[in-house]
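Student: Compact mmCIF, C-alpha atoms, file start_34.txt:
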```txt
# COMPACT_ATOMS: atom_id res chain seq x y z
CA MET V 1 0.00 0.00 0.00
CA GLU V 2 2.81 2.39 0.94
CA LEU V 3 4.65 1.49 -2.28
CA LYS V 4 1.58 2.34 -4.40
CA THR V 5 1.15 5.63 -2.54
CA PHE V 6 4.83 6.44 -3.13
CA GLN V 7 4.53 5.58 -6.83
CA LEU V 8 1.42 7.75 -7.17
CA GLY V 9 3.19 10.63 -5.44
CA ALA V 10 6.20 10.24 -7.73
CA ILE V 11 3.96 10.31 -10.81
CA LEU V 12 2.13 13.43 -9.60
CA TRP V 13 5.45 15.11 -8.81
CA ARG V 14 6.83 14.26 -12.25
CA TYR V 15 3.76 15.56 -14.06
CA ARG V 16 3.27 18.69 -11.96
CA PRO V 17 3.21 21.03 -14.98
CA HIS V 18 0.49 18.93 -16.62
CA LEU V 19 -1.55 18.86 -13.41
CA PHE V 20 -1.13 22.59 -12.75
CA MET V 21 -2.10 23.54 -16.30
CA SER V 22 -5.17 21.28 -16.17
CA LEU V 23 -6.26 22.90 -12.89
CA ALA V 24 -5.61 26.33 -14.41
CA GLN V 25 -7.90 25.58 -17.36
CA ILE V 26 -10.66 24.49 -14.97
CA GLY V 27 -10.23 27.79 -13.12
CA PHE V 28 -10.37 29.78 -16.37
CA ALA V 29 -13.49 27.89 -17.49
CA PHE V 30 -15.40 28.77 -14.32
CA MET V 31 -14.31 32.41 -14.71
CA TYR V 32 -16.41 32.76 -17.88
CA PHE V 33 -19.63 31.77 -16.14
CA ILE V 34 -19.06 33.64 -12.88
CA THR V 35 -18.27 36.80 -14.85
CA LYS V 36 -21.22 36.29 -17.20
CA ALA V 37 -23.59 35.86 -14.24
CA SER V 38 -22.21 39.02 -12.62
CA PHE V 39 -22.64 41.07 -15.80
CA ASN V 40 -26.19 39.77 -16.19
CA HIS V 41 -26.73 40.86 -12.59
CA GLY V 42 -25.85 44.40 -13.66
CA MET V 43 -22.14 44.87 -12.94
CA ASN V 44 -20.30 47.22 -15.28
CA PRO V 45 -17.46 45.36 -17.09
CA HIS V 46 -15.03 48.30 -16.82
CA VAL V 47 -15.65 48.62 -13.08
CA TYR V 48 -15.05 44.88 -12.80
CA VAL V 49 -11.70 45.14 -14.61
CA THR V 50 -10.65 48.01 -12.33
CA TYR V 51 -11.51 46.17 -9.11
CA ARG V 52 -10.04 42.90 -10.35
CA LEU V 53 -6.70 44.50 -11.22
CA ILE V 54 -6.60 46.33 -7.86
CA VAL V 55 -7.13 43.05 -5.99
CA SER V 56 -4.56 41.31 -8.18
CA SER V 57 -1.88 43.95 -7.61
CA ILE V 58 -2.45 43.85 -3.82
CA VAL V 59 -2.20 40.04 -3.74
CA MET V 60 0.87 39.87 -6.00
CA LEU V 61 2.84 42.75 -4.41
CA PRO V 62 4.36 40.93 -1.38
CA PHE V 63 5.30 37.87 -3.45
CA ALA V 64 6.90 40.00 -6.15
CA TYR V 65 8.77 42.13 -3.60
CA PHE V 66 10.31 39.32 -1.54
CA ILE V 67 10.81 36.61 -4.18
CA GLU V 68 12.38 38.85 -6.83
CA ARG V 69 14.16 41.47 -4.74
CA LYS V 70 17.59 40.07 -5.75
CA VAL V 71 16.85 39.70 -9.47
CA ARG V 72 14.64 42.75 -10.05
CA PRO V 73 16.52 45.36 -12.14
CA LYS V 74 16.39 49.07 -11.45
CA LEU V 75 13.25 50.70 -12.84
CA THR V 76 14.30 53.58 -15.08
CA PHE V 77 11.95 56.19 -16.50
CA VAL V 78 12.19 54.72 -20.01
CA LEU V 79 11.46 51.23 -18.67
CA PHE V 80 8.53 52.55 -16.63
CA MET V 81 7.02 54.15 -19.75
CA GLU V 82 7.49 50.85 -21.61
CA ILE V 83 5.68 48.95 -18.84
CA SER V 84 2.93 51.60 -18.88
CA LEU V 85 2.45 51.06 -22.61
CA LEU V 86 2.50 47.29 -22.08
CA SER V 87 -0.14 47.65 -19.37
CA LEU V 88 -2.26 49.88 -21.59
CA LEU V 89 -2.21 47.26 -24.33
CA GLY V 90 -2.56 44.02 -22.35
CA MET V 91 -4.55 45.07 -19.29
CA THR V 92 -6.53 48.18 -20.12
CA LEU V 93 -7.36 47.67 -23.80
CA ALA V 94 -7.37 43.86 -24.04
CA LEU V 95 -9.25 43.10 -20.81
CA ASN V 96 -11.87 45.81 -21.31
CA LEU V 97 -12.54 44.63 -24.87
CA TYR V 98 -12.53 41.03 -23.65
CA TYR V 99 -15.25 41.54 -21.05
CA ALA V 100 -17.23 43.94 -23.21
CA SER V 101 -17.41 41.21 -25.85
CA LEU V 102 -18.74 38.76 -23.24
CA ILE V 103 -21.85 40.95 -22.90
CA TYR V 104 -22.72 40.53 -26.58
CA THR V 105 -21.64 36.91 -27.08
CA SER V 106 -21.41 33.75 -24.97
CA PRO V 107 -18.70 32.00 -22.93
CA THR V 108 -18.52 29.26 -25.59
CA PHE V 109 -17.94 31.79 -28.38
CA LEU V 110 -15.32 33.77 -26.47
CA SER V 111 -13.33 30.75 -25.30
CA SER V 112 -13.33 29.32 -28.83
CA MET V 113 -12.05 32.53 -30.38
CA PHE V 114 -9.28 32.76 -27.78
CA ASN V 115 -7.57 29.82 -29.47
CA THR V 116 -6.68 32.08 -32.43
CA ILE V 117 -4.17 34.16 -30.45
CA ALA V 118 -1.24 31.88 -31.39
CA SER V 119 -2.05 32.26 -35.09
CA LEU V 120 -2.54 36.02 -34.85
CA THR V 121 0.74 36.34 -32.95
CA PHE V 122 2.49 34.51 -35.80
CA ILE V 123 0.91 36.84 -38.41
CA ILE V 124 1.93 39.96 -36.49
CA ALA V 125 5.45 38.62 -35.87
CA VAL V 126 5.87 37.98 -39.61
CA ALA V 127 4.49 41.44 -40.46
CA LEU V 128 6.96 43.04 -38.02
CA ARG V 129 9.77 40.85 -39.45
CA LEU V 130 10.34 39.25 -36.07
CA GLU V 131 9.77 35.80 -37.55
CA SER V 132 10.25 34.30 -41.01
CA PRO V 133 7.41 32.18 -42.48
CA ASN V 134 9.91 29.88 -44.29
CA ALA V 135 7.34 28.25 -46.60
CA LYS V 136 9.91 25.75 -47.93
CA SER V 137 10.17 23.79 -44.66
CA PRO V 138 7.52 21.55 -43.00
CA LYS V 139 7.55 23.67 -39.85
CA GLY V 140 6.97 26.85 -41.87
CA LEU V 141 4.15 25.25 -43.84
CA ALA V 142 2.58 24.04 -40.59
CA LYS V 143 2.53 27.59 -39.23
CA ILE V 144 1.10 29.05 -42.45
CA PHE V 145 -1.60 26.42 -42.98
CA GLY V 146 -2.40 26.34 -39.27
CA THR V 147 -2.94 30.10 -39.32
CA LEU V 148 -5.17 29.91 -42.40
CA ILE V 149 -7.19 27.07 -40.86
CA SER V 150 -7.62 29.03 -37.61
CA LEU V 151 -8.82 32.11 -39.50
CA THR V 152 -11.29 29.92 -41.40
CA GLY V 153 -12.60 28.72 -38.05
CA VAL V 154 -12.95 32.32 -36.86
CA LEU V 155 -15.05 33.21 -39.91
CA THR V 156 -17.19 30.11 -39.34
CA ILE V 157 -17.86 30.99 -35.69
CA SER V 158 -18.52 34.67 -36.45
CA LEU V 159 -20.65 34.44 -39.59
CA TYR V 160 -22.33 31.03 -39.40
CA ARG V 161 -24.36 30.23 -36.31
CA GLY V 162 -26.38 27.36 -37.74
CA PRO V 163 -29.15 25.49 -35.94
CA VAL V 164 -29.35 25.24 -32.15
CA VAL V 165 -28.22 21.94 -30.67
CA LYS V 166 -31.23 20.66 -28.75
CA ASN V 167 -30.77 20.09 -25.02
CA LEU V 168 -31.54 16.49 -24.06
CA TRP V 169 -32.48 17.40 -20.47
CA ALA V 170 -33.15 20.43 -18.30
CA ALA V 171 -30.03 22.19 -17.06
CA PRO V 172 -29.61 22.16 -13.25
CA ILE V 173 -28.50 25.83 -13.22
CA ARG V 174 -30.07 28.61 -15.24
CA MET V 175 -28.38 31.98 -15.58
CA PRO V 176 -30.55 35.02 -16.36
CA HIS V 177 -30.04 36.51 -19.82
CA THR V 178 -30.19 40.16 -20.84
CA SER V 179 -32.34 41.00 -23.85
CA HIS V 180 -29.43 42.11 -26.08
CA VAL V 181 -27.07 39.18 -25.46
CA HIS V 182 -27.57 37.41 -28.80
CA GLU V 183 -28.99 40.35 -30.77
CA GLU V 184 -25.63 42.02 -31.48
CA TRP V 185 -23.54 38.97 -32.29
CA LEU V 186 -21.51 40.73 -35.01
CA LYS V 187 -20.63 43.57 -32.63
CA GLY V 188 -19.45 41.05 -30.07
CA SER V 189 -17.44 39.24 -32.75
CA ILE V 190 -15.63 42.46 -33.69
CA PHE V 191 -14.83 43.13 -30.03
CA THR V 192 -13.53 39.57 -29.64
CA VAL V 193 -11.26 39.77 -32.71
CA ALA V 194 -9.94 43.12 -31.45
CA THR V 195 -9.30 41.47 -28.07
CA CYS V 196 -7.28 38.65 -29.66
CA ILE V 197 -5.22 41.12 -31.71
CA ALA V 198 -4.51 43.21 -28.59
CA PHE V 199 -3.42 40.13 -26.65
CA SER V 200 -1.21 39.00 -29.56
CA LEU V 201 0.56 42.37 -29.67
CA TRP V 202 0.85 42.26 -25.88
CA TYR V 203 2.54 38.84 -25.92
CA ILE V 204 5.09 40.04 -28.49
CA MET V 205 5.84 43.24 -26.58
CA GLN V 206 5.92 41.40 -23.24
CA ALA V 207 8.61 39.04 -24.55
CA MET V 208 10.72 42.07 -25.50
CA THR V 209 10.17 43.77 -22.13
CA LEU V 210 11.08 40.63 -20.15
CA LYS V 211 14.55 40.72 -21.73
CA ARG V 212 15.13 44.13 -20.15
CA TYR V 213 13.09 43.49 -16.99
CA PRO V 214 13.38 39.73 -16.26
CA ALA V 215 11.24 39.79 -13.10
CA GLN V 216 7.95 38.21 -14.14
CA LEU V 217 6.06 38.61 -10.86
CA SER V 218 7.13 42.24 -10.49
CA LEU V 219 6.21 42.96 -14.10
CA THR V 220 2.77 41.37 -13.61
CA THR V 221 2.23 43.42 -10.43
CA TRP V 222 3.21 46.65 -12.16
CA MET V 223 0.92 45.90 -15.10
CA SER V 224 -2.02 45.11 -12.79
CA PHE V 225 -1.50 48.33 -10.81
CA LEU V 226 -1.10 50.56 -13.87
CA GLY V 227 -3.95 48.78 -15.67
CA ALA V 228 -6.24 49.43 -12.70
CA ALA V 229 -5.35 53.14 -12.72
CA GLN V 230 -5.80 53.46 -16.49
CA THR V 231 -9.13 51.59 -16.49
CA ALA V 232 -10.39 53.65 -13.55
CA VAL V 233 -9.71 56.88 -15.46
CA PHE V 234 -11.39 55.47 -18.57
CA THR V 235 -14.44 54.35 -16.57
CA LEU V 236 -14.78 57.74 -14.86
CA ILE V 237 -14.81 59.40 -18.29
CA ILE V 238 -17.58 57.22 -19.76
CA GLN V 239 -19.55 56.52 -16.57
CA HIS V 240 -20.75 59.51 -14.56
CA LYS V 241 -22.96 57.62 -12.09
CA PRO V 242 -21.24 56.89 -8.74
CA SER V 243 -23.66 53.99 -8.25
CA VAL V 244 -21.82 51.84 -10.82
CA TRP V 245 -18.88 51.55 -8.41
CA ALA V 246 -21.01 50.10 -5.61
CA ILE V 247 -20.95 46.34 -5.16
CA GLY V 248 -22.80 44.38 -2.50
CA PHE V 249 -22.21 41.08 -0.77
CA ASN V 250 -23.40 39.16 -3.82
CA ILE V 251 -22.20 37.59 -7.09
CA ASP V 252 -20.44 40.86 -8.02
CA LEU V 253 -18.14 40.71 -4.98
CA TRP V 254 -17.36 37.01 -5.49
CA ASN V 255 -16.65 37.73 -9.16
CA VAL V 256 -14.11 40.44 -8.28
CA LEU V 257 -12.40 38.28 -5.65
CA TYR V 258 -12.31 35.23 -7.91
CA GLY V 259 -10.93 37.28 -10.82
CA GLY V 260 -8.35 39.11 -8.72
CA VAL V 261 -7.15 36.38 -6.35
CA VAL V 262 -7.64 33.17 -8.34
CA VAL V 263 -7.39 34.15 -12.02
CA SER V 264 -5.07 37.17 -12.11
CA SER V 265 -2.84 35.97 -9.26
CA LEU V 266 -2.84 32.21 -8.63
CA LEU V 267 -3.54 30.98 -12.17
CA ILE V 268 -1.20 33.51 -13.78
CA PHE V 269 1.55 32.45 -11.35
CA LEU V 270 0.97 28.78 -12.28
CA GLN V 271 1.23 29.69 -15.96
CA LEU V 272 4.47 31.59 -15.40
CA TRP V 273 5.92 28.63 -13.48
CA CYS V 274 4.88 26.16 -16.18
CA THR V 275 6.27 28.46 -18.88
CA LYS V 276 9.62 28.50 -17.07
CA GLN V 277 9.59 24.70 -16.65
CA LYS V 278 8.22 23.60 -20.03
CA GLY V 279 8.18 26.63 -22.33
CA PRO V 280 5.39 28.80 -23.81
CA VAL V 281 4.30 26.21 -26.40
CA PHE V 282 3.51 23.69 -23.64
CA VAL V 283 1.34 26.26 -21.85
CA THR V 284 -0.52 27.26 -25.02
CA MET V 285 -1.28 23.62 -25.84
CA PHE V 286 -3.69 23.51 -22.88
CA THR V 287 -5.81 26.46 -24.09
CA PRO V 288 -8.31 24.24 -25.98
CA VAL V 289 -8.99 22.39 -22.70
CA THR V 290 -10.75 25.54 -21.47
CA THR V 291 -12.89 25.59 -24.62
CA VAL V 292 -13.92 21.95 -24.12
CA LEU V 293 -14.76 22.58 -20.45
CA VAL V 294 -16.72 25.74 -21.27
CA VAL V 295 -18.75 23.96 -23.96
CA PHE V 296 -19.48 21.09 -21.55
CA LEU V 297 -20.52 23.38 -18.69
CA ALA V 298 -22.51 25.71 -20.96
CA TYR V 299 -24.53 22.90 -22.50
CA PHE V 300 -24.97 20.40 -19.67
CA VAL V 301 -24.90 22.58 -16.53
CA PHE V 302 -25.93 26.15 -17.37
CA GLY V 303 -28.33 25.49 -20.26
CA GLU V 304 -26.64 27.90 -22.71
CA LYS V 305 -27.72 27.69 -26.33
CA LEU V 306 -25.12 25.79 -28.33
CA TYR V 307 -24.99 26.43 -32.07
CA LEU V 308 -23.69 24.07 -34.73
CA GLY V 309 -21.52 26.83 -36.21
CA SER V 310 -19.72 27.28 -32.88
CA ILE V 311 -18.96 23.56 -32.66
CA ILE V 312 -17.63 23.31 -36.22
CA GLY V 313 -15.67 26.55 -35.95
CA SER V 314 -14.14 25.55 -32.61
CA ILE V 315 -12.89 22.24 -34.01
CA VAL V 316 -11.38 24.04 -37.02
CA VAL V 317 -9.72 26.70 -34.83
CA ILE V 318 -8.22 24.11 -32.46
CA THR V 319 -6.91 22.08 -35.41
CA GLY V 320 -5.17 25.17 -36.78
CA LEU V 321 -3.83 26.01 -33.32
CA TYR V 322 -2.08 22.66 -32.91
CA LEU V 323 -0.56 22.94 -36.39
CA VAL V 324 0.89 26.34 -35.48
CA LEU V 325 2.13 25.03 -32.13
CA TRP V 326 3.80 22.05 -33.79
CA GLY V 327 5.62 24.38 -36.18
CA LYS V 328 6.70 26.60 -33.28
CA GLU V 329 7.90 23.61 -31.26
CA VAL V 330 10.06 22.34 -34.14
CA SER V 331 11.44 25.86 -34.73
CA GLN V 332 12.30 26.22 -31.05
CA LYS V 333 14.10 22.86 -31.01
CA ASP V 334 16.08 23.84 -34.12
CA GLN V 335 17.05 27.16 -32.53
CA ASN V 336 18.14 25.43 -29.31
CA THR V 337 20.19 22.88 -31.29
CA THR V 338 21.88 25.64 -33.31
CA GLN V 339 22.59 27.62 -30.13
CA ASN V 340 24.08 24.59 -28.39
CA MET V 341 26.28 23.81 -31.40
CA ARG V 342 27.47 27.42 -31.53
CA GLU V 343 28.29 27.43 -27.81
CA GLU V 344 30.07 24.08 -28.10
CA LYS V 345 32.11 25.38 -31.04
CA GLU V 346 33.08 28.51 -29.09
CA ASP V 347 34.11 26.37 -26.10
CA ASN V 348 36.30 24.19 -28.33
CA GLN V 349 37.91 27.28 -29.86
CA ASP V 350 38.66 28.65 -26.39
CA LYS V 351 40.19 25.31 -25.33
CA ASN V 352 42.35 25.18 -28.48
CA PHE V 353 43.48 28.74 -27.89
CA CYS V 354 44.49 27.91 -24.33
CA LEU V 355 46.40 24.80 -25.47
CA GLU V 356 48.24 26.78 -28.15
CA GLY V 357 49.14 29.38 -25.58
CA LYS V 358 50.62 26.75 -23.27
CA GLU V 359 52.70 25.30 -26.11
CA ASP V 360 54.22 28.71 -26.81
CA VAL V 361 55.41 29.10 -23.22
CA PRO V 362 59.22 28.27 -23.03
```
Could you write out this file's structure as structure tokens?
Tutor:
Amino acid sequence: MELKTFQLGAILWRYRPHLFMSLAQIGFAFMYFITKASFNHGMNPHVYVTYRLIVSSIVMLPFAYFIERKVRPKLTFVLFMEISLLSLLGMTLALNLYYASLIYTSPTFLSSMFNTIASLTFIIAVALRLESPNAKSPKGLAKIFGTLISLTGVLTISLYRGPVVKNLWAAPIRMPHTSHVHEEWLKGSIFTVATCIAFSLWYIMQAMTLKRYPAQLSLTTWMSFLGAAQTAVFTLIIQHKPSVWAIGFNIDLWNVLYGGVVVSSLLIFLQLWCTKQKGPVFVTMFTPVTTVLVVFLAYFVFGEKLYLGSIIGSIVVITGLYLVLWGKEVSQKDQNTTQNMREEKEDNQDKNFCLEGKEDVP
């Protein structure tokens, strides 16, 4: 019995990244429905983003300060402005568009579209000449065709809804729906595409910033704090009623705490840890798990309407995603191999130089 327990513990320890990423996707899946219920209850999405980022920055601050105090570089004015721009793009713009689109669409739609970020990031990287498409190699073709397939899936989800998949039984939980949820589907689709583009640009810029400021927790804390300040100013400009800032001891409060403590702090930390252990491609490979969980919960638990177009489009998008990820994985392995060979060659040259120097000594 003890041997079996030890073996199980060893397996869980070995596959920690897989377990953590699976738990993270479950947490992200529940976020869609908690947030949707809160918005249907009347909470303003921009107020939610502000409060969530405030909670996140408070939770992350002590961890960032103590864990990274020896590796955190000095924050110059230029670097601060760069982080401010990064926060404006990834926190203020992306998150506000993200949750605004949730009002006009559904959790299933939004989680499906989120799988296109890898393809959009590849397109933007090629446009900015940060990456070469290399259409003559299998890895390059995989990225190109994967991107085209993902975009085809996006068009399918956005423009073709198709018939409703009939529920076989009554859902145990019913969330209230606002009257305009499914009436402005195209508007929600535009917001969602804009969200994915903003996140793609953010990922590219974040990779550049991390080279100059390699303190991930501190960077996340700064972005949450600055994003909260920027979103608060934006909300004050467009919302003049003080009542929108009031939240009671209800679903709105639990939504803010869940988003700030669990999603923006715990789950983001797990993703950063898994990225460090296994790389960004490994982390991105788990994104479709959220889509599958959201579809399952939406259909079987919350009684959301599920359209045939969303199912077909999601399958197409996920297929394209894994093609892109395969191409990226092969490219990364090739780069690592080339780098290792270069370093090994330099080491051999240094050794030969030292040997020649010793031979010259009388």
Student: Using only C-alpha atoms, which of V:Val126, V:Ile251, V:Leu159, V:Ile117 sits nearest Leu321 (chain V)?
Tutor: V:Ile117
Student: For the atom pair CA of Glu184 (chain V) and CA of Thr121 (chain V), what is the interatomic distance in Å to one decimal place?
Tutor: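 Atom-to-atom, CA of Glu184 (chain V) to CA of Thr121 (chain V), that is 27.0 Å.
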Student: Distance CA of Tyr48 (chain V)-CA of Tyr98 (chain V), one decimal place?
Tutor: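 Distance between the two atoms: 11.8 Å.
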Student: For Leu141 (chain V), find every residue with an atom within 12 Å (counting all atoms listed in the file), except residues of its own chain fewer than 6 positions away, and show them as JSON, numbers by chain.
Tutor: {"V": [132, 133, 134, 135, 147, 148, 149, 320, 323, 324, 325, 326, 327, 328, 330, 331]}
Student: Wanna dump the region 197-285 of chain V-region 89-96 of chain V contacts at 6 Å for me, each residue with its shortest atom pair and the distance in Å to one decimal, counting only C-alpha atoms, ordered by chain and number, as CSV?
Tutor:
```
residue,atom,partner,partner_atom,distance
V:Ala198,CA,V:Ala94,CA,5.4
V:Phe199,CA,V:Gly90,CA,5.9
V:Trp202,CA,V:Gly90,CA,5.2
V:Gly227,CA,V:Thr92,CA,5.2
V:Thr231,CA,V:Thr92,CA,5.6
```
Student: So, counting only C-alpha atoms, which residue among V:Ser119, V:Lys166, V:Phe302, V:Phe225 is closest to Ile144 (chain V)?
Tutor: V:Ser119
Student: Neighbouring residues of Ser22 (chain V) were defined as those with any atom within 10 Å, considering only C-alpha atoms; residues of the same chain fewer than 2 positions away were excluded. Please report them as a list in words.
Tutor: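 Near neighbours after the sequence-gap exclusion: Arg16, Pro17, His18, Leu19, Phe20, Ala24, Gln25, Ile26, Gly27, Phe28, Val283, Phe286, Thr287, Val289 and Thr290 of chain V.
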Student: Which is closer to Ile312 (chain V) than all the others in V:Ile157, V:Met43, V:Ile103, V:Leu110, using only C-alpha atoms?
Tutor: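 Smallest distance to Ile312 (chain V) is found for V:Ile157.
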Student: Can you measure CA of Gly188 (chain V) to CA of Thr105 (chain V) for me? One decimal in Å is fine.
Tutor: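 One can read the CA of Gly188 (chain V) to CA of Thr105 (chain V) distance as 5.6 Å.
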Student: Using only C-alpha atoms, which of V:Leu12, V:Val294, V:Ala118, V:Leu219 sits nearest Ser106 (chain V)?
Tutor: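 Closest to Ser106 (chain V), using only C-alpha atoms: V:Val294.
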Student: With 10 Å as the cut-off and only C-alpha atoms counted, what is the closest atom pair between each nearby residue of region 221-311 of chain V and region 50-65 of chain V? Distances in Å to one decimal, ordered by chain and number, as a tab-separated table.
Tutor:
```
residue	atom	partner	partner_atom	distance
V:Thr221	CA	V:Ser57	CA	5.0
V:Trp222	CA	V:Ser57	CA	7.3
V:Met223	CA	V:Ser57	CA	8.2
V:Ser224	CA	V:Leu53	CA	5.0
V:Phe225	CA	V:Ser57	CA	5.4
V:Leu226	CA	V:Leu53	CA	8.7
V:Gly227	CA	V:Leu53	CA	6.8
V:Ala228	CA	V:Thr50	CA	4.6
V:Ala229	CA	V:Thr50	CA	7.4
V:Gln230	CA	V:Thr50	CA	8.4
V:Thr231	CA	V:Thr50	CA	5.7
V:Ala232	CA	V:Thr50	CA	5.8
V:Val233	CA	V:Thr50	CA	9.5
V:Phe234	CA	V:Thr50	CA	9.8
V:Thr235	CA	V:Thr50	CA	8.5
V:Trp245	CA	V:Tyr51	CA	9.2
V:Leu253	CA	V:Tyr51	CA	9.5
V:Asn255	CA	V:Arg52	CA	8.5
V:Val256	CA	V:Arg52	CA	5.2
V:Leu257	CA	V:Arg52	CA	7.0
V:Tyr258	CA	V:Arg52	CA	8.4
V:Gly259	CA	V:Arg52	CA	5.7
V:Gly260	CA	V:Ser56	CA	4.4
V:Val261	CA	V:Ser56	CA	5.9
V:Val262	CA	V:Ser56	CA	8.7
V:Val263	CA	V:Ser56	CA	8.6
V:Ser264	CA	V:Ser56	CA	5.7
V:Ser265	CA	V:Ser56	CA	5.7
V:Leu266	CA	V:Met60	CA	8.9
V:Phe269	CA	V:Met60	CA	9.2
```
Student: Around region 304-307 of chain V, with edges along x, y and z and 5 Å added on all six sides, what centre and edge lengths do you get, in Å to one decimal, as AutoDock Vina command-line options?
Tutor:
```
--center_x -26.4 --center_y 26.8 --center_z -27.4 --size_x 12.7 --size_y 12.1 --size_z 19.4
```
Student: Using only C-alpha atoms, find each residue in region 189-275 of chain V having at least one atom no more than 8 Å away from region 69-82 of chain V; report its shortest atom-to-atom pair and that distance in Å (one decimal), rows by chain then rising number, as JSON lines.
Tutor:
```
{"residue": "V:Thr209", "atom": "CA", "partner": "V:Glu82", "partner_atom": "CA", "distance": 7.6}
{"residue": "V:Tyr213", "atom": "CA", "partner": "V:Pro73", "partner_atom": "CA", "distance": 6.2}
{"residue": "V:Pro214", "atom": "CA", "partner": "V:Arg72", "partner_atom": "CA", "distance": 7.0}
{"residue": "V:Ala215", "atom": "CA", "partner": "V:Arg72", "partner_atom": "CA", "distance": 5.4}
{"residue": "V:Ser218", "atom": "CA", "partner": "V:Arg72", "partner_atom": "CA", "distance": 7.5}
```
Student: May I have the protein, DNA and RNA residues with any atom at most 10 Å from the point (-17.9, 30.2, -16.0), counting only C-alpha atoms, written as an MDAnalysis selection string?
Tutor: chainID V and resid 26:37 107:108 293:294 297:298 302
Student: Hey, which of V:Asn167, V:Tyr99, V:Thr337, V:Gly162 ends up closest to Tyr307 (chain V)? Count all atoms listed in the file.
Tutor: V:Gly162
